[in-house]
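Novice: Coordinates in target-v7.txt, compact mmCIF, C-alpha atoms, are listed below.
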```
# COMPACT_ATOMS: atom_id res chain seq x y z
CA MET A 716 -40.94 -32.80 9.73
CA LYS A 717 -38.34 -33.90 7.18
CA LYS A 718 -36.66 -30.50 7.32
CA THR A 719 -36.09 -30.88 11.07
CA LYS A 720 -34.51 -34.32 10.66
CA THR A 721 -32.25 -33.05 7.89
CA LEU A 722 -31.21 -30.07 9.97
CA ARG A 723 -30.36 -32.27 12.95
CA ILE A 724 -28.27 -34.59 10.80
CA SER A 725 -26.41 -31.63 9.29
CA ILE A 726 -25.64 -30.18 12.71
CA ILE A 727 -24.41 -33.52 13.97
CA CYS A 728 -22.17 -33.94 10.91
CA MET A 729 -20.75 -30.47 11.37
CA MET A 730 -20.11 -31.22 15.04
CA PHE A 731 -18.23 -34.40 14.11
CA ILE A 732 -16.18 -32.50 11.55
CA PHE A 733 -15.34 -29.83 14.13
CA VAL A 734 -14.51 -32.36 16.86
CA GLY A 735 -12.49 -34.44 14.40
CA SER A 736 -10.43 -31.50 13.23
CA SER A 737 -9.74 -30.35 16.79
CA LEU A 738 -8.32 -33.79 17.60
CA PHE A 739 -5.56 -33.11 15.09
CA ALA A 740 -4.57 -29.73 16.53
CA GLN A 741 -1.28 -28.97 18.19
CA LEU A 742 -0.95 -26.53 21.04
CA GLN A 743 1.71 -23.94 20.25
CA THR A 744 3.06 -22.06 23.29
CA ASP A 745 5.37 -19.15 23.93
CA SER A 746 6.55 -18.99 27.53
CA LYS A 747 8.22 -15.57 27.15
CA TYR A 748 5.01 -13.86 26.01
CA GLY A 749 2.68 -16.24 27.85
CA PHE A 750 0.27 -17.36 25.16
CA GLU A 751 -1.01 -20.59 23.68
CA ILE A 752 -2.76 -21.21 20.37
CA ASP A 753 -4.19 -24.40 18.85
CA ILE A 754 -3.05 -24.91 15.27
CA PRO A 755 -4.02 -27.87 13.06
CA SER A 756 -1.13 -30.33 13.10
CA ASP A 757 -0.89 -30.46 9.31
CA TRP A 758 -0.33 -26.69 8.98
CA SER A 759 3.17 -25.41 8.26
CA LYS A 760 4.77 -23.57 11.15
CA ASN A 761 7.53 -21.00 11.15
CA SER A 762 8.85 -18.48 13.66
CA TYR A 763 11.48 -15.79 13.31
CA MET A 764 12.53 -12.39 14.60
CA ASP A 765 11.73 -9.12 12.80
CA GLY A 766 13.75 -6.56 14.75
CA THR A 767 12.44 -6.89 18.31
CA ASP A 768 9.20 -8.55 17.19
CA LYS A 769 8.74 -12.33 17.32
CA ILE A 770 6.72 -13.54 14.33
CA TYR A 771 4.82 -16.82 14.20
CA ASP A 772 3.48 -17.92 10.79
CA TYR A 773 1.05 -20.82 10.37
CA MET A 774 -0.44 -21.87 7.00
CA SER A 775 -2.85 -24.54 5.86
CA GLN A 776 -1.64 -27.15 3.39
CA ASP A 777 -3.75 -25.66 0.58
CA GLU A 778 -2.42 -22.18 1.47
CA ASN A 779 -5.96 -20.80 1.63
CA SER A 780 -5.85 -20.06 5.36
CA ALA A 781 -3.12 -18.54 7.48
CA VAL A 782 -2.49 -17.14 10.94
CA GLN A 783 0.31 -14.77 11.81
CA LEU A 784 1.15 -13.63 15.32
CA ARG A 785 3.42 -10.65 15.91
CA VAL A 786 4.41 -10.30 19.57
CA PHE A 787 6.70 -7.81 21.24
CA ASP A 788 7.35 -5.96 24.46
CA ALA A 789 5.70 -2.54 24.32
CA GLY A 790 6.40 0.53 26.38
CA GLY A 791 3.82 2.49 28.33
CA GLY A 792 1.11 4.33 26.46
CA ILE A 793 0.59 1.63 23.85
CA THR A 794 -3.11 1.01 23.24
CA THR A 795 -5.05 -1.21 20.88
CA ALA A 796 -5.97 1.93 18.88
CA VAL A 797 -2.27 2.77 18.46
CA LEU A 798 -1.47 -0.81 17.43
CA ALA A 799 -4.26 -0.76 14.83
CA GLN A 800 -3.07 2.56 13.40
CA VAL A 801 0.55 1.41 13.14
CA TYR A 802 -0.45 -1.90 11.55
CA GLU A 803 -2.76 -0.26 9.02
CA GLU A 804 -0.13 2.33 8.04
CA SER A 805 2.93 0.07 8.03
CA TYR A 806 1.91 -3.51 7.27
CA LEU A 807 -1.23 -3.60 5.12
CA PRO A 808 -0.54 -3.62 1.37
CA GLU A 809 -1.30 -0.42 -0.50
CA GLY A 810 -4.90 -0.32 -1.70
CA SER A 811 -6.22 -2.35 1.24
CA GLN A 812 -9.67 -1.39 2.42
CA LYS A 813 -10.66 -1.25 6.09
CA LEU A 814 -14.18 -2.64 6.42
CA SER A 815 -14.45 -2.25 10.20
CA LEU A 816 -12.49 -1.67 13.40
CA ASN A 817 -14.45 -2.46 16.55
CA ASP A 818 -13.93 -3.17 20.23
CA PHE A 819 -13.88 -6.90 20.84
CA LYS A 820 -12.85 -9.47 23.47
CA THR A 821 -10.59 -12.47 23.02
CA ILE A 822 -11.83 -15.94 23.85
CA ASN A 823 -10.21 -15.38 27.28
CA GLY A 824 -12.13 -12.12 27.79
CA ILE A 825 -9.16 -9.80 27.15
CA PRO A 826 -10.31 -6.49 25.61
CA CYS A 827 -8.95 -5.92 22.11
CA LYS A 828 -9.82 -4.38 18.78
CA LYS A 829 -10.85 -6.43 15.76
CA GLY A 830 -10.14 -5.04 12.31
CA VAL A 831 -11.61 -6.50 9.16
CA TYR A 832 -9.86 -5.71 5.89
CA LEU A 833 -10.15 -6.45 2.19
CA LEU A 834 -6.88 -6.66 0.30
CA ASN A 835 -5.56 -7.97 -2.97
CA PHE A 836 -3.02 -10.80 -2.79
CA ASN A 837 -1.56 -12.00 -6.10
CA GLY A 838 -4.59 -10.71 -7.99
CA VAL A 839 -7.13 -12.30 -5.64
CA ASP A 840 -9.35 -10.34 -3.24
CA VAL A 841 -8.75 -11.67 0.26
CA GLY A 842 -10.60 -11.01 3.50
CA MET A 843 -8.50 -10.65 6.62
CA SER A 844 -9.22 -10.14 10.31
CA ALA A 845 -6.64 -8.64 12.64
CA TYR A 846 -6.87 -8.66 16.42
CA TYR A 847 -4.97 -6.00 18.34
CA VAL A 848 -4.28 -6.98 21.94
CA VAL A 849 -2.30 -5.22 24.66
CA GLU A 850 -1.81 -7.38 27.72
CA ASN A 851 0.13 -6.35 30.80
CA ASN A 852 1.95 -9.14 32.66
```
Go ahead and express the file in the form of structure tokens.
Specialist:
Amino acid sequence: MKKTKTLRISIICMMFIFVGSSLFAQLQTDSKYGFEIDIPSDWSKNSYMDGTDKIYDYMSQDENSAVQLRVFDAGGGITTAVLAQVYEESYLPEGSQKLSLNDFKTINGIPCKKGVYLLNFNGVDVGMSAYYVVENN
């Protein structure tokens, strides 16, 4: 019986933590590419162009969590498999290990691929997930 009460209290506390942290999120939007993302308001935010790609960088204050969005207009024939291949070959640091690459769906139900990687960043092993999405219109 005590285990059940403890479990309920833990779940409630976690729910309050989650709800509390979502109250301090800011909605970031890009009207050109038509997306929105909630980012904690205390995270650093930066955007810039890399050739024809628009890059959005978001990082937690302790620099232990980060989100990067790379968006661009793509020509016909671009698939999530092609995006994953290009990213793995051109953007992952040498020595990175691909743990998985699977079909997935975004929170909005858009088909995508989800890659999970292990890489070394400044001497520390880091886990990273990448989502490859091609969206028309």
Novice: Need the shell around stretch 846-852 of chain A: protein/DNA/RNA residues with any atom at most 12 Å away, counting only C-alpha atoms. Skip same-chain ones fewer than 5 positions apart. Format as an NGL selection string?
Specialist: :A and (747-750 or 782-803 or 815-832)
Novice: Write the selection just made, keeping C-alpha atoms, as an mmCIF file, in the frame of the given file?
Specialist:
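Dumped to part-v5.cif:
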```
data_model
loop_
_atom_site.group_PDB
_atom_site.id
_atom_site.type_symbol
_atom_site.label_atom_id
_atom_site.label_comp_id
_atom_site.auth_asym_id
_atom_site.auth_seq_id
_atom_site.Cartn_x
_atom_site.Cartn_y
_atom_site.Cartn_z
ATOM 1 C CA LYS A 747 8.220 -15.570 27.150
ATOM 2 C CA TYR A 748 5.010 -13.860 26.010
ATOM 3 C CA GLY A 749 2.680 -16.240 27.850
ATOM 4 C CA PHE A 750 0.270 -17.360 25.160
ATOM 5 C CA VAL A 782 -2.490 -17.140 10.940
ATOM 6 C CA GLN A 783 0.310 -14.770 11.810
ATOM 7 C CA LEU A 784 1.150 -13.630 15.320
ATOM 8 C CA ARG A 785 3.420 -10.650 15.910
ATOM 9 C CA VAL A 786 4.410 -10.300 19.570
ATOM 10 C CA PHE A 787 6.700 -7.810 21.240
ATOM 11 C CA ASP A 788 7.350 -5.960 24.460
ATOM 12 C CA ALA A 789 5.700 -2.540 24.320
ATOM 13 C CA GLY A 790 6.400 0.530 26.380
ATOM 14 C CA GLY A 791 3.820 2.490 28.330
ATOM 15 C CA GLY A 792 1.110 4.330 26.460
ATOM 16 C CA ILE A 793 0.590 1.630 23.850
ATOM 17 C CA THR A 794 -3.110 1.010 23.240
ATOM 18 C CA THR A 795 -5.050 -1.210 20.880
ATOM 19 C CA ALA A 796 -5.970 1.930 18.880
ATOM 20 C CA VAL A 797 -2.270 2.770 18.460
ATOM 21 C CA LEU A 798 -1.470 -0.810 17.430
ATOM 22 C CA ALA A 799 -4.260 -0.760 14.830
ATOM 23 C CA GLN A 800 -3.070 2.560 13.400
ATOM 24 C CA VAL A 801 0.550 1.410 13.140
ATOM 25 C CA TYR A 802 -0.450 -1.900 11.550
ATOM 26 C CA GLU A 803 -2.760 -0.260 9.020
ATOM 27 C CA SER A 815 -14.450 -2.250 10.200
ATOM 28 C CA LEU A 816 -12.490 -1.670 13.400
ATOM 29 C CA ASN A 817 -14.450 -2.460 16.550
ATOM 30 C CA ASP A 818 -13.930 -3.170 20.230
ATOM 31 C CA PHE A 819 -13.880 -6.900 20.840
ATOM 32 C CA LYS A 820 -12.850 -9.470 23.470
ATOM 33 C CA THR A 821 -10.590 -12.470 23.020
ATOM 34 C CA ILE A 822 -11.830 -15.940 23.850
ATOM 35 C CA ASN A 823 -10.210 -15.380 27.280
ATOM 36 C CA GLY A 824 -12.130 -12.120 27.790
ATOM 37 C CA ILE A 825 -9.160 -9.800 27.150
ATOM 38 C CA PRO A 826 -10.310 -6.490 25.610
ATOM 39 C CA CYS A 827 -8.950 -5.920 22.110
ATOM 40 C CA LYS A 828 -9.820 -4.380 18.780
ATOM 41 C CA LYS A 829 -10.850 -6.430 15.760
ATOM 42 C CA GLY A 830 -10.140 -5.040 12.310
ATOM 43 C CA VAL A 831 -11.610 -6.500 9.160
ATOM 44 C CA TYR A 832 -9.860 -5.710 5.890
#
```
Novice: Record the distance separating atom CA of A:Trp758 and atom CA of A:Gln776, expressed in Å with one decimal.
Specialist: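 For atom CA of A:Trp758 relative to atom CA of A:Gln776, the distance reads 5.8 Å.
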Novice: Using all atoms listed in the file, which residues sit within 12 Å of A:Phe836 once same-chain residues fewer than 6 positions away are excluded, as JSON, numbers by chain?
Specialist: {"A": [779, 807, 808, 809, 810, 811, 842, 843]}
Novice: Could you tell me how far atom CA of A:Ser762 lies from atom CA of A:Thr744, in Å and to one decimal?
Specialist: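 Computing it gives 11.8 Å between the two atoms.
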Novice: One decimal, in Å: what's the spacing between atom CA of A:Lys769 and atom CA of A:Ser844?
Specialist: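 We find that atom CA of A:Lys769 and atom CA of A:Ser844 lie 19.4 Å from each other.
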Novice: Could you check which of A:Met774, A:Met764, A:Ala845, A:Ala740 is closest to A:Tyr806, using all atoms listed in the file?
Specialist: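 Looking at the shortest contact to A:Tyr806, the residue is A:Ala845.
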Novice: Mind listing as a ChimeraX atom specification all residues within 6 Å of (4.5, -19.7, 10.6), counting all atoms listed in the file?
Specialist: /A:760-762,771-773
